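Dumped final_11.cif below, it's mmCIF, C-alpha atoms:
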data_coords
#
loop_
_atom_site.group_PDB
_atom_site.id
_atom_site.type_symbol
_atom_site.label_atom_id
_atom_site.label_comp_id
_atom_site.auth_asym_id
_atom_site.auth_seq_id
_atom_site.Cartn_x
_atom_site.Cartn_y
_atom_site.Cartn_z
ATOM 1 C CA MET A 1 25.286 121.851 21.295
ATOM 2 C CA GLU A 2 27.320 124.635 22.863
ATOM 3 C CA GLN A 3 30.196 122.244 23.508
ATOM 4 C CA ASN A 4 30.116 121.161 19.870
ATOM 5 C CA ASP A 5 30.236 124.774 18.677
ATOM 6 C CA GLU A 6 33.197 125.455 20.947
ATOM 7 C CA SER A 7 35.018 122.420 19.589
ATOM 8 C CA LEU A 8 34.382 123.477 16.024
ATOM 9 C CA ASN A 9 35.603 126.946 16.829
ATOM 10 C CA LYS A 10 38.847 125.473 18.134
ATOM 11 C CA TYR A 11 39.616 123.894 14.783
ATOM 12 C CA GLU A 12 38.500 126.928 12.810
ATOM 13 C CA VAL A 13 40.787 129.039 15.001
ATOM 14 C CA ALA A 14 43.667 126.663 14.256
ATOM 15 C CA LEU A 15 43.057 127.007 10.516
ATOM 16 C CA SER A 16 42.658 130.780 10.714
ATOM 17 C CA LYS A 17 46.347 131.146 11.595
ATOM 18 C CA TYR A 18 47.296 129.998 8.103
ATOM 19 C CA ASN A 19 46.518 131.108 4.571
ATOM 20 C CA THR A 20 44.343 128.321 3.190
ATOM 21 C CA ASN A 21 42.850 130.372 0.354
ATOM 22 C CA LEU A 22 45.176 129.093 -2.345
ATOM 23 C CA GLN A 23 44.920 129.385 -6.120
ATOM 24 C CA GLU A 24 45.508 126.280 -8.227
ATOM 25 C CA SER A 25 47.332 128.170 -10.994
ATOM 26 C CA ASP A 26 49.618 129.907 -8.503
ATOM 27 C CA ILE A 27 50.686 126.607 -6.914
ATOM 28 C CA GLN A 28 51.157 124.998 -10.335
ATOM 29 C CA ASN A 29 53.401 127.845 -11.455
ATOM 30 C CA LYS A 30 55.448 127.846 -8.259
ATOM 31 C CA ALA A 31 55.976 124.084 -8.388
ATOM 32 C CA LYS A 32 56.829 124.174 -12.100
ATOM 33 C CA THR A 33 59.328 127.008 -11.647
ATOM 34 C CA LEU A 34 61.027 125.294 -8.707
ATOM 35 C CA ILE A 35 61.316 122.034 -10.646
ATOM 36 C CA GLU A 36 62.706 123.737 -13.766
ATOM 37 C CA ARG A 37 65.296 125.714 -11.818
ATOM 38 C CA LYS A 38 66.461 123.282 -9.168
ATOM 39 C CA VAL A 39 65.950 119.594 -9.990
ATOM 40 C CA ALA A 40 68.929 119.318 -12.345
ATOM 41 C CA GLU A 41 71.401 120.491 -9.692
ATOM 42 C CA ASN A 42 70.089 117.840 -7.297
ATOM 43 C CA ASN A 43 70.662 115.010 -9.771
ATOM 44 C CA THR A 44 73.677 113.780 -7.820
ATOM 45 C CA LEU A 45 74.955 110.493 -6.439
ATOM 46 C CA GLU A 46 74.593 111.815 -2.884
ATOM 47 C CA ALA A 47 70.939 112.743 -3.431
ATOM 48 C CA LYS A 48 70.168 109.313 -4.869
ATOM 49 C CA LYS A 49 71.817 107.546 -1.934
ATOM 50 C CA LEU A 50 69.796 109.685 0.466
ATOM 51 C CA LEU A 51 66.580 108.959 -1.425
ATOM 52 C CA PHE A 52 67.244 105.230 -1.217
ATOM 53 C CA ASN A 53 67.733 105.511 2.545
ATOM 54 C CA CYS A 54 64.360 107.298 2.772
ATOM 55 C CA ILE A 55 62.325 104.571 1.049
ATOM 56 C CA ASP A 56 59.469 102.841 2.840
ATOM 57 C CA LEU A 57 59.797 99.585 0.889
ATOM 58 C CA THR A 58 56.172 98.674 0.415
ATOM 59 C CA THR A 59 54.103 95.622 -0.412
ATOM 60 C CA LEU A 60 50.351 96.160 -0.184
ATOM 61 C CA ASN A 61 49.000 93.544 -2.556
ATOM 62 C CA THR A 62 45.878 91.412 -2.377
ATOM 63 C CA THR A 63 48.150 88.431 -3.033
ATOM 64 C CA ASP A 64 50.507 89.112 -0.093
ATOM 65 C CA SER A 65 51.038 86.084 2.144
ATOM 66 C CA GLU A 66 53.225 85.196 5.098
ATOM 67 C CA GLU A 67 55.635 83.511 2.700
ATOM 68 C CA SER A 68 55.838 86.433 0.273
ATOM 69 C CA VAL A 69 56.287 88.978 3.070
ATOM 70 C CA MET A 70 58.994 86.802 4.614
ATOM 71 C CA ARG A 71 60.867 86.693 1.285
ATOM 72 C CA PHE A 72 60.371 90.445 0.898
ATOM 73 C CA THR A 73 61.901 91.035 4.347
ATOM 74 C CA GLU A 74 64.784 88.642 3.770
ATOM 75 C CA LYS A 75 65.919 90.759 0.828
ATOM 76 C CA VAL A 76 66.273 93.694 3.216
ATOM 77 C CA ASN A 77 68.279 91.450 5.550
ATOM 78 C CA ARG A 78 70.695 90.605 2.709
ATOM 79 C CA PHE A 79 71.035 94.168 1.466
ATOM 80 C CA SER A 80 74.084 95.149 3.531
ATOM 81 C CA ASP A 81 76.014 92.053 2.437
ATOM 82 C CA ARG A 82 75.366 92.881 -1.208
ATOM 83 C CA PHE A 83 75.782 96.656 -0.888
ATOM 84 C CA PRO A 84 78.026 97.317 2.144
ATOM 85 C CA ASP A 85 78.734 100.886 1.043
ATOM 86 C CA LEU A 86 75.055 101.922 1.072
ATOM 87 C CA GLN A 87 72.558 102.592 3.855
ATOM 88 C CA ASN A 88 69.493 100.353 3.842
ATOM 89 C CA VAL A 89 65.895 101.412 3.210
ATOM 90 C CA ALA A 90 64.132 103.294 6.017
ATOM 91 C CA ALA A 91 61.272 100.871 6.614
ATOM 92 C CA ILE A 92 59.289 97.913 5.382
ATOM 93 C CA CYS A 93 55.607 98.793 4.971
ATOM 94 C CA VAL A 94 52.990 96.020 5.033
ATOM 95 C CA TYR A 95 49.399 95.295 6.005
ATOM 96 C CA PRO A 96 48.751 94.988 9.778
ATOM 97 C CA ASN A 97 48.405 91.211 9.786
ATOM 98 C CA PHE A 98 51.997 90.889 8.567
ATOM 99 C CA ALA A 99 53.636 93.029 11.264
ATOM 100 C CA GLN A 100 54.561 89.948 13.281
ATOM 101 C CA VAL A 101 55.989 88.220 10.211
ATOM 102 C CA VAL A 102 58.288 91.166 9.505
ATOM 103 C CA LYS A 103 59.255 91.431 13.169
ATOM 104 C CA ASP A 104 60.143 87.725 13.320
ATOM 105 C CA THR A 105 62.088 87.844 10.030
ATOM 106 C CA LEU A 106 63.832 91.219 10.130
ATOM 107 C CA GLU A 107 67.439 90.985 11.297
ATOM 108 C CA VAL A 108 68.707 94.551 10.741
ATOM 109 C CA GLU A 109 68.286 97.199 13.398
ATOM 110 C CA ASP A 110 68.158 100.339 11.277
ATOM 111 C CA VAL A 111 64.984 99.403 9.354
ATOM 112 C CA LYS A 112 61.578 100.231 10.854
ATOM 113 C CA ILE A 113 58.382 98.193 10.587
ATOM 114 C CA ALA A 114 55.599 100.365 9.160
ATOM 115 C CA CYS A 115 52.005 99.233 8.766
ATOM 116 C CA VAL A 116 48.950 100.743 7.138
ATOM 117 C CA SER A 117 46.051 100.721 9.580
ATOM 118 C CA GLY A 118 42.764 102.351 10.488
ATOM 119 C CA GLY A 119 40.637 100.932 7.708
ATOM 120 C CA PHE A 120 43.228 101.470 4.976
ATOM 121 C CA PRO A 121 42.827 102.491 2.177
ATOM 122 C CA SER A 122 39.315 103.997 2.348
ATOM 123 C CA SER A 123 39.167 104.727 6.099
ATOM 124 C CA GLN A 124 35.507 103.747 5.910
ATOM 125 C CA THR A 125 34.971 101.865 9.141
ATOM 126 C CA PHE A 126 34.140 102.505 12.791
ATOM 127 C CA VAL A 127 36.521 104.648 14.846
ATOM 128 C CA GLU A 128 36.577 101.855 17.429
ATOM 129 C CA VAL A 129 37.786 99.431 14.763
ATOM 130 C CA LYS A 130 40.511 101.862 13.652
ATOM 131 C CA VAL A 131 41.741 102.271 17.213
ATOM 132 C CA ALA A 132 41.640 98.536 17.907
ATOM 133 C CA GLU A 133 43.422 97.696 14.650
ATOM 134 C CA THR A 134 46.135 100.246 15.409
ATOM 135 C CA ALA A 135 46.628 98.876 18.924
ATOM 136 C CA MET A 136 46.842 95.302 17.643
ATOM 137 C CA THR A 137 49.274 96.327 14.897
ATOM 138 C CA ILE A 138 51.608 97.966 17.406
ATOM 139 C CA MET A 139 51.297 94.986 19.727
ATOM 140 C CA ASN A 140 52.415 92.781 16.825
ATOM 141 C CA GLY A 141 55.583 94.781 16.238
ATOM 142 C CA ALA A 142 54.859 97.912 14.193
ATOM 143 C CA ASP A 143 57.130 100.914 14.799
ATOM 144 C CA GLU A 144 55.097 103.231 12.569
ATOM 145 C CA ILE A 145 51.424 103.492 11.640
ATOM 146 C CA ASP A 146 50.073 104.931 8.374
ATOM 147 C CA ILE A 147 46.385 105.904 8.459
ATOM 148 C CA VAL A 148 44.070 107.699 6.031
ATOM 149 C CA ILE A 149 41.896 110.644 7.031
ATOM 150 C CA SER A 150 38.166 110.154 6.610
ATOM 151 C CA VAL A 151 38.027 112.100 3.357
ATOM 152 C CA GLY A 152 34.223 112.256 3.135
ATOM 153 C CA THR A 153 34.012 113.601 6.668
ATOM 154 C CA PHE A 154 36.663 116.207 5.877
ATOM 155 C CA LEU A 155 34.865 117.300 2.703
ATOM 156 C CA SER A 156 31.707 117.696 4.800
ATOM 157 C CA GLU A 157 33.764 120.171 6.891
ATOM 158 C CA ASP A 158 33.295 118.099 10.034
ATOM 159 C CA TYR A 159 36.749 119.047 11.262
ATOM 160 C CA GLU A 160 35.969 118.085 14.836
ATOM 161 C CA SER A 161 35.404 114.429 13.935
ATOM 162 C CA ILE A 162 38.501 114.328 11.732
ATOM 163 C CA CYS A 163 40.763 115.791 14.405
ATOM 164 C CA GLU A 164 39.378 113.785 17.294
ATOM 165 C CA GLU A 165 39.819 110.568 15.336
ATOM 166 C CA ILE A 166 43.479 111.340 14.572
ATOM 167 C CA GLN A 167 44.064 112.332 18.201
ATOM 168 C CA GLU A 168 42.504 109.095 19.436
ATOM 169 C CA ILE A 169 44.695 106.986 17.159
ATOM 170 C CA LYS A 170 47.802 108.997 18.091
ATOM 171 C CA ASP A 171 47.017 108.369 21.762
ATOM 172 C CA VAL A 172 47.216 104.640 21.013
ATOM 173 C CA CYS A 173 50.469 105.080 19.070
ATOM 174 C CA LYS A 174 52.151 106.964 21.926
ATOM 175 C CA GLU A 175 55.826 107.314 20.934
ATOM 176 C CA LYS A 176 55.347 105.317 17.720
ATOM 177 C CA HIS A 177 55.259 107.517 14.626
ATOM 178 C CA LEU A 178 51.844 108.233 13.131
ATOM 179 C CA LYS A 179 51.788 109.047 9.421
ATOM 180 C CA VAL A 180 48.506 110.620 8.308
ATOM 181 C CA ILE A 181 47.589 110.111 4.646
ATOM 182 C CA LEU A 182 45.610 113.009 3.181
ATOM 183 C CA GLU A 183 44.676 111.218 -0.074
ATOM 184 C CA THR A 184 45.317 114.500 -1.845
ATOM 185 C CA GLY A 185 43.888 113.344 -5.162
ATOM 186 C CA ALA A 186 40.437 113.070 -3.563
ATOM 187 C CA LEU A 187 40.458 116.435 -1.771
ATOM 188 C CA GLY A 188 39.473 118.482 -4.791
ATOM 189 C CA SER A 189 41.621 121.597 -4.315
ATOM 190 C CA VAL A 190 44.977 122.827 -3.081
ATOM 191 C CA SER A 191 43.128 124.801 -0.398
ATOM 192 C CA ASN A 192 41.669 121.582 0.951
ATOM 193 C CA ILE A 193 45.118 119.954 0.895
ATOM 194 C CA LYS A 194 46.467 122.824 3.002
ATOM 195 C CA LYS A 195 43.559 122.566 5.460
ATOM 196 C CA ALA A 196 43.888 118.788 5.789
ATOM 197 C CA ALA A 197 47.639 119.115 6.334
ATOM 198 C CA ILE A 198 47.229 121.735 9.091
ATOM 199 C CA LEU A 199 44.462 119.815 10.868
ATOM 200 C CA SER A 200 46.444 116.562 10.737
ATOM 201 C CA MET A 201 49.521 118.182 12.275
ATOM 202 C CA TYR A 202 47.369 119.980 14.847
ATOM 203 C CA SER A 203 45.936 116.588 15.834
ATOM 204 C CA GLY A 204 49.288 114.903 16.392
ATOM 205 C CA ALA A 205 50.557 113.599 13.034
ATOM 206 C CA ASP A 206 54.296 112.909 13.074
ATOM 207 C CA PHE A 207 54.285 112.722 9.271
ATOM 208 C CA ILE A 208 51.838 113.837 6.632
ATOM 209 C CA LYS A 209 51.647 111.668 3.530
ATOM 210 C CA THR A 210 50.157 112.419 0.125
ATOM 211 C CA SER A 211 48.388 109.249 -0.911
ATOM 212 C CA THR A 212 47.554 105.593 -0.451
ATOM 213 C CA GLY A 213 48.655 104.738 -3.971
ATOM 214 C CA LYS A 214 45.248 103.087 -4.390
ATOM 215 C CA GLN A 215 43.568 106.147 -5.901
ATOM 216 C CA GLN A 216 44.490 108.415 -8.798
ATOM 217 C CA PRO A 217 45.882 110.985 -8.935
ATOM 218 C CA ALA A 218 48.337 109.962 -6.231
ATOM 219 C CA ALA A 219 51.368 112.068 -5.290
ATOM 220 C CA THR A 220 51.862 115.222 -7.371
ATOM 221 C CA PRO A 221 54.455 118.011 -7.162
ATOM 222 C CA GLU A 222 51.650 120.501 -6.513
ATOM 223 C CA ALA A 223 50.341 118.539 -3.518
ATOM 224 C CA ALA A 224 53.893 118.139 -2.214
ATOM 225 C CA TYR A 225 54.512 121.879 -2.576
ATOM 226 C CA VAL A 226 51.404 122.756 -0.563
ATOM 227 C CA MET A 227 52.098 120.144 2.109
ATOM 228 C CA CYS A 228 55.719 121.228 2.567
ATOM 229 C CA GLU A 229 54.632 124.863 2.819
ATOM 230 C CA ALA A 230 52.129 123.806 5.481
ATOM 231 C CA ILE A 231 54.842 121.898 7.381
ATOM 232 C CA LYS A 232 57.116 124.940 7.241
ATOM 233 C CA GLU A 233 54.429 127.328 8.472
ATOM 234 C CA TYR A 234 53.336 124.925 11.211
ATOM 235 C CA TYR A 235 56.941 124.592 12.375
ATOM 236 C CA GLU A 236 57.332 128.385 12.445
ATOM 237 C CA GLN A 237 54.171 128.710 14.546
ATOM 238 C CA THR A 238 54.673 125.785 16.929
ATOM 239 C CA GLY A 239 58.288 124.654 16.811
ATOM 240 C CA ASN A 240 57.102 121.132 15.928
ATOM 241 C CA LYS A 241 58.826 119.398 13.035
ATOM 242 C CA THR A 242 56.542 117.186 10.966
ATOM 243 C CA GLY A 243 57.819 114.710 8.408
ATOM 244 C CA PHE A 244 56.709 114.520 4.768
ATOM 245 C CA LYS A 245 56.032 111.396 2.712
ATOM 246 C CA PRO A 246 54.994 111.361 -0.938
ATOM 247 C CA ALA A 247 53.576 108.008 -2.029
ATOM 248 C CA GLY A 248 51.882 106.604 -5.106
ATOM 249 C CA GLY A 249 52.975 107.190 -8.672
ATOM 250 C CA ILE A 250 56.681 107.630 -7.922
ATOM 251 C CA ASN A 251 57.784 105.695 -10.971
ATOM 252 C CA THR A 252 61.151 107.181 -11.938
ATOM 253 C CA VAL A 253 64.301 108.490 -10.309
ATOM 254 C CA ASN A 254 63.424 111.921 -11.664
ATOM 255 C CA ASP A 255 60.062 111.749 -9.848
ATOM 256 C CA ALA A 256 61.940 111.113 -6.613
ATOM 257 C CA LEU A 257 64.380 113.943 -7.330
ATOM 258 C CA ILE A 258 61.435 116.308 -7.773
ATOM 259 C CA TYR A 259 60.186 115.517 -4.254
ATOM 260 C CA TYR A 260 63.730 115.727 -2.876
ATOM 261 C CA THR A 261 64.029 119.182 -4.449
ATOM 262 C CA ILE A 262 60.699 120.407 -3.079
ATOM 263 C CA VAL A 263 61.648 119.290 0.433
ATOM 264 C CA LYS A 264 65.136 120.803 0.163
ATOM 265 C CA GLU A 265 63.982 124.161 -1.195
ATOM 266 C CA ILE A 266 60.949 124.668 1.074
ATOM 267 C CA LEU A 267 61.954 122.912 4.286
ATOM 268 C CA GLY A 268 65.725 122.943 4.044
ATOM 269 C CA GLU A 269 68.591 120.498 4.508
ATOM 270 C CA GLU A 270 67.496 119.579 8.046
ATOM 271 C CA TRP A 271 64.508 117.711 6.570
ATOM 272 C CA LEU A 272 66.699 115.647 4.240
ATOM 273 C CA ASN A 273 66.955 112.529 6.378
ATOM 274 C CA ASN A 274 64.703 109.524 6.887
ATOM 275 C CA GLY A 275 63.559 110.844 10.243
ATOM 276 C CA LEU A 276 61.609 113.581 8.443
ATOM 277 C CA PHE A 277 61.419 112.490 4.795
ATOM 278 C CA ARG A 278 60.147 109.201 3.380
ATOM 279 C CA LEU A 279 59.029 107.911 -0.004
ATOM 280 C CA GLY A 280 56.359 105.244 -0.263
ATOM 281 C CA THR A 281 57.408 102.985 -3.123
ATOM 282 C CA SER A 282 58.990 99.687 -4.075
ATOM 283 C CA ARG A 283 59.658 100.011 -7.787
ATOM 284 C CA LEU A 284 61.953 102.963 -7.101
ATOM 285 C CA ALA A 285 64.427 100.894 -5.075
ATOM 286 C CA ASN A 286 65.902 98.998 -8.026
ATOM 287 C CA LEU A 287 65.878 102.118 -10.215
ATOM 288 C CA LEU A 288 67.864 104.087 -7.650
ATOM 289 C CA LEU A 289 70.275 101.200 -7.083
ATOM 290 C CA SER A 290 70.835 100.959 -10.838
ATOM 291 C CA GLU A 291 71.704 104.648 -11.133
ATOM 292 C CA ILE A 292 73.881 104.587 -8.012
ATOM 293 C CA LYS A 293 75.822 101.550 -9.300
ATOM 294 C CA GLY A 294 75.882 102.622 -12.945
ATOM 295 C CA GLU A 295 74.442 99.309 -14.124
ATOM 296 C CA GLU A 296 71.093 97.560 -14.051
ATOM 297 C CA VAL A 297 70.387 96.177 -10.594
ATOM 298 C CA VAL A 298 67.387 93.960 -9.843
ATOM 299 C CA PHE A 299 67.703 93.186 -6.141
ATOM 300 C CA PHE A 300 64.232 93.804 -4.699
#
Take the structure in this file and express it as C-alpha cells.
Amino acid sequence: MEQNDESLNKYEVALSKYNTNLQESDIQNKAKTLIERKVAENNTLEAKKLLFNCIDLTTLNTTDSEESVMRFTEKVNRFSDRFPDLQNVAAICVYPNFAQVVKDTLEVEDVKIACVSGGFPSSQTFVEVKVAETAMTIMNGADEIDIVISVGTFLSEDYESICEEIQEIKDVCKEKHLKVILETGALGSVSNIKKAAILSMYSGADFIKTSTGKQQPAATPEAAYVMCEAIKEYYEQTGNKTGFKPAGGINTVNDALIYYTIVKEILGEEWLNNGLFRLGTSRLANLLLSEIKGEEVVFF
C-alpha cells in the first residue's frame, strides 16, 4: 500500500507543477478571441499547403478491406505525379491489421504508416492485449501508433494506472512515435483535458491527440487551446517538444485554419511542420487541394 501511495504522489506532484484549475468560460473566450483576431490572416496559400502536408490520411471504416486499403494507398503513390509542386500527406492511418498492406503497397518515402492500436476506439481491453497489439502492429510495418487513454480509469482519478499503461506501450514503441488520444469530448471539463494532456506527456507521449472521431464532440477549438497551452508549459518545464493532433469533425478548410492558428499563436512557428503538427482527417484532403488549385479537385 505504501508503494501505491508513493506512486500516486508522483503523478500528483507532476500535475501540481501546472495550473489545472481552469474555467470553461475563460477558455471559451480566449479561443473565440484568438479565432476572431487571427484566423483571417492565416487564410493563405502557404498555410493551406502546410496543412495538406500535415494530414494523417485516414480510413477507419468497418468496411475496410485489403483491397480498399490498397487502393487508398495507391492514390498516395500517384499524388506526386498528379501534383508535383505539392508535398504529400504526412501519413496513412489505418487499423492494425492493414499495416502490412500499406507497407507492401506504399512506394513513397516521405509518408509514414500510422495505425490505431491498444483497443481503439474505446481502450476497453486488457493492458496485455494493448501491448501485444502494439508490438504486432509495429512488427507489421507501422511507423506511428495512435492509442486512446482509458477514459473511465482517468475519470476515476487512477492516474497511476493511466500513466503506467502509456509508459508500457511507449516502451514497446521505442523510437516509433506514440500519439495518445485524450478523447476530449468524454473528459467532461477543460481541467480534465489539461490533466490528461500533462499526464500523457509525462508518460512518454510524442503527440497528444484530441479525439478518435468515433465519439461526439470530437475536436473543438477549446480542447485544442488547452492542449496547446499544456504542450507549451510542458516544453518550458522539461525541454521536451510534444506534437499536437486534432482529429474528428474537421470538415472544412476553415476548421483546419482554426487549428493552424491555435498552434501558431500558442506554440509558435517551430510547431508548424508535420513533425509536430498533424490533422486526422480524409475529407479535408480534397477540400484543401481544391482551394490550393482554385478548382474542384476530387483525388482522394
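Across A:Ser156, A:Asn97, A:Thr33, A:Thr20, the tightest approach to A:Met227 is made by A:Thr20 when counting all atoms listed in the file.
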**Message:** Quick one: residues within 8 Å of stretch 162-178 of chain A, all atoms listed in the file, excluding same-chain residues fewer than 3 positions away - as an MDAnalysis selection string?
**Reply:** chainID A and resid 127 130:131 134:135 138 143:147 149:150 153:154 158:159 199:200 202:207
**Request:** Could you expand the PyMOL selection byres ((chain A and resi 19) around 10) into the explicit residues it covers here, written as a PyMOL selection string?
**Result:** chain A and resi 15-18+20-22+191+194-195+230+233
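Proximity ranking of A:Ser65, A:Thr242, A:Thr210, A:Asn254 relative to A:Gly275 places A:Thr242 first, based on all atoms listed in the file.
Distance-wise, atom CA of A:Ile231 and atom CA of A:Ile198 end up 7.8 Å apart.
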